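Let me begin by presenting the structure, written as structure tokens, before commenting on it.
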Amino acid sequence: MTPADKFSAAFARLPLVAILRGLTPAEAPAMGEALTGAGFALLEVPLNSPQPLVSIALLAQNHPTTLVGAGTVLTAAQVRDVHAAGGQLIVSPNFSAEVVKEAVKLDMICLPGIATPTEAFGALAAGAYGLKLFPAEMASPAVVKALKAVLPAGTLMLPVGGITPGNMAEWQAAGADGFGIGSALYKPGKSATAVREDAMTFIATHAGLARA
């Protein structure tokens with residue numbers, strides 16, 4: 001299964017990316033089981049976490065049908081490091097053409113961060129698979145609606161930053177296709193049991209939106 005096939009299947013089931021900023025390799029197996037057991041299939045370990053490549057390798061090995069990768073990817077060299085560790089997903093807080101092009105070259109899914117139409121169109125031209133609206137706290141659902149009105153049909157838009165079960169509905173109503181979920185789901189020191197419980201809350205909320 002290619003990374004694109006894996007992403008499409010995972011996104012169709014549950015378009016939520018778990019952002020595990022601060023995850024340690026010691027925590028990775030338990031957190032991976034908690035999240036995949038709940039239903040998450042898109043896992044991101046930001047590169048400013050302790051030994052992130054080790055955690056990515058563990059998660060990728062333990063969950064071969066899950067799309068695992070890195071966040072806070074800022075250089076082409078980091079893209080190659082993530083690929084070597086077994087990661088297939090590249091997420092950035094910004095748009096860097098060199099990062100996107102390196103990810104595309106390595107057949108990885110790339111979701112660069114954008115905040116303006118100029119960045120959005122530049123990222124798509126470079127080959128981005130979808131767009132991360134970041135930081136969502138600085139934007140609003142109206143920004144998603146405005147961007148989706150001018151971007152090519154089918155462009156995936158995922159708000160990231162401050163997403164909670166309580167505000168997902170307004171973002172989705174504006175056109176958000178999915179979400180990256182950080183501290184509301186995982187933060188260092190949080191137990192795997194608590195992470196699973198919060199994961200189930202996000203999943204139930206999303207399911208309710210899908211039925212609405």
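Chain labels A, B, ... are given in the sequence in which chains occur in the structure tokens; within each chain residues are numbered consecutively from 1, and ligands are likewise numbered from 1 in the order shown.
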
Picked from region 99-172 of chain A by DSSP as alpha helix (DSSP H), as a PyMOL selection string: chain A and resi 99-105+117-126+141-150+168-172

Sel. of strand (DSSP E or B) residues, region 64-207 of chain A, as a count of residues only: 23

Near-region 162-167 of chain A list (10 Å; only C-alpha atoms; drop same-chain fewer than 2 positions) as a list in words: Phe134, Pro135, Ala136, Glu137, Met138, Pro141, Pro159, Val160, Ala169, Glu170, Trp171, Gln172, Phe179, Gly180, Ile181, Gly182, Ser183, Ala184, Leu185, Asp198, Thr201, Phe202, Ile203, Ala204, Thr205 and His206 of chain A

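One finds CA of Pro112 (chain A) at 9.7 Å from CA of Leu74 (chain A).
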
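The two atoms in question, CA of Gly189 (chain A) and CA of Leu43 (chain A), are spaced 17.9 Å apart.
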
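When only C-alpha atoms are used to compute distances to Ala192 (chain A), the closest of the residues A:Met1, A:Leu35, A:Leu20, A:Val79 turns out to be A:Leu35.
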
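Here the question is which of A:Glu44, A:Glu197, A:Asp107, A:Glu98 gets nearest to Gly22 (chain A) using only C-alpha atoms, and that residue is A:Glu44.
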
Surrounding residues of Val99 (chain A) excluding itself and chain neighbours under 4 positions, 9 Å, only C-alpha atoms, as JSON, numbers by chain: {"A": [73, 74, 75, 76, 77, 78, 79, 90, 92, 95, 103, 104, 110, 112]}

Selected residues, C-alpha atoms, written as a PDB file, in the first residue's frame, please.
ATOM      1  CA  VAL A  73       9.675  19.510   9.480  1.00  0.00           C
ATOM      2  CA  LEU A  74      11.661  22.513   8.283  1.00  0.00           C
ATOM      3  CA  THR A  75      14.337  21.243   5.867  1.00  0.00           C
ATOM      4  CA  ALA A  76      14.781  18.757   3.043  1.00  0.00           C
ATOM      5  CA  ALA A  77      17.400  16.957   5.145  1.00  0.00           C
ATOM      6  CA  GLN A  78      14.807  16.392   7.869  1.00  0.00           C
ATOM      7  CA  VAL A  79      12.423  14.961   5.275  1.00  0.00           C
ATOM      8  CA  ILE A  90       5.530  15.228   6.509  1.00  0.00           C
ATOM      9  CA  SER A  92       5.235  21.607   8.650  1.00  0.00           C
ATOM     10  CA  PHE A  95       5.370  26.366   3.533  1.00  0.00           C
ATOM     11  CA  ALA A 103       8.617  14.789   0.273  1.00  0.00           C
ATOM     12  CA  VAL A 104       7.026  14.382  -3.153  1.00  0.00           C
ATOM     13  CA  CYS A 110       3.115  16.373   2.679  1.00  0.00           C
ATOM     14  CA  PRO A 112       2.595  22.187   4.756  1.00  0.00           C
TER      15      PRO A 112
END

Atomic separation - CA of Gly178 (chain A) relative to CA of Leu158 (chain A), Å: 4.9 Å

Selected residue, from A:Leu106, A:Val144, A:Leu156, A:Met200, that lies nearest to Gly130 (chain A) when counting only C-alpha atoms: A:Leu156

Gly86 (chain A) environment, 9 Å, only C-alpha atoms, sequence neighbours closer than 3 positions dropped, as an MDAnalysis selection string: chainID A and resid 53 56:61 68:69 81:83
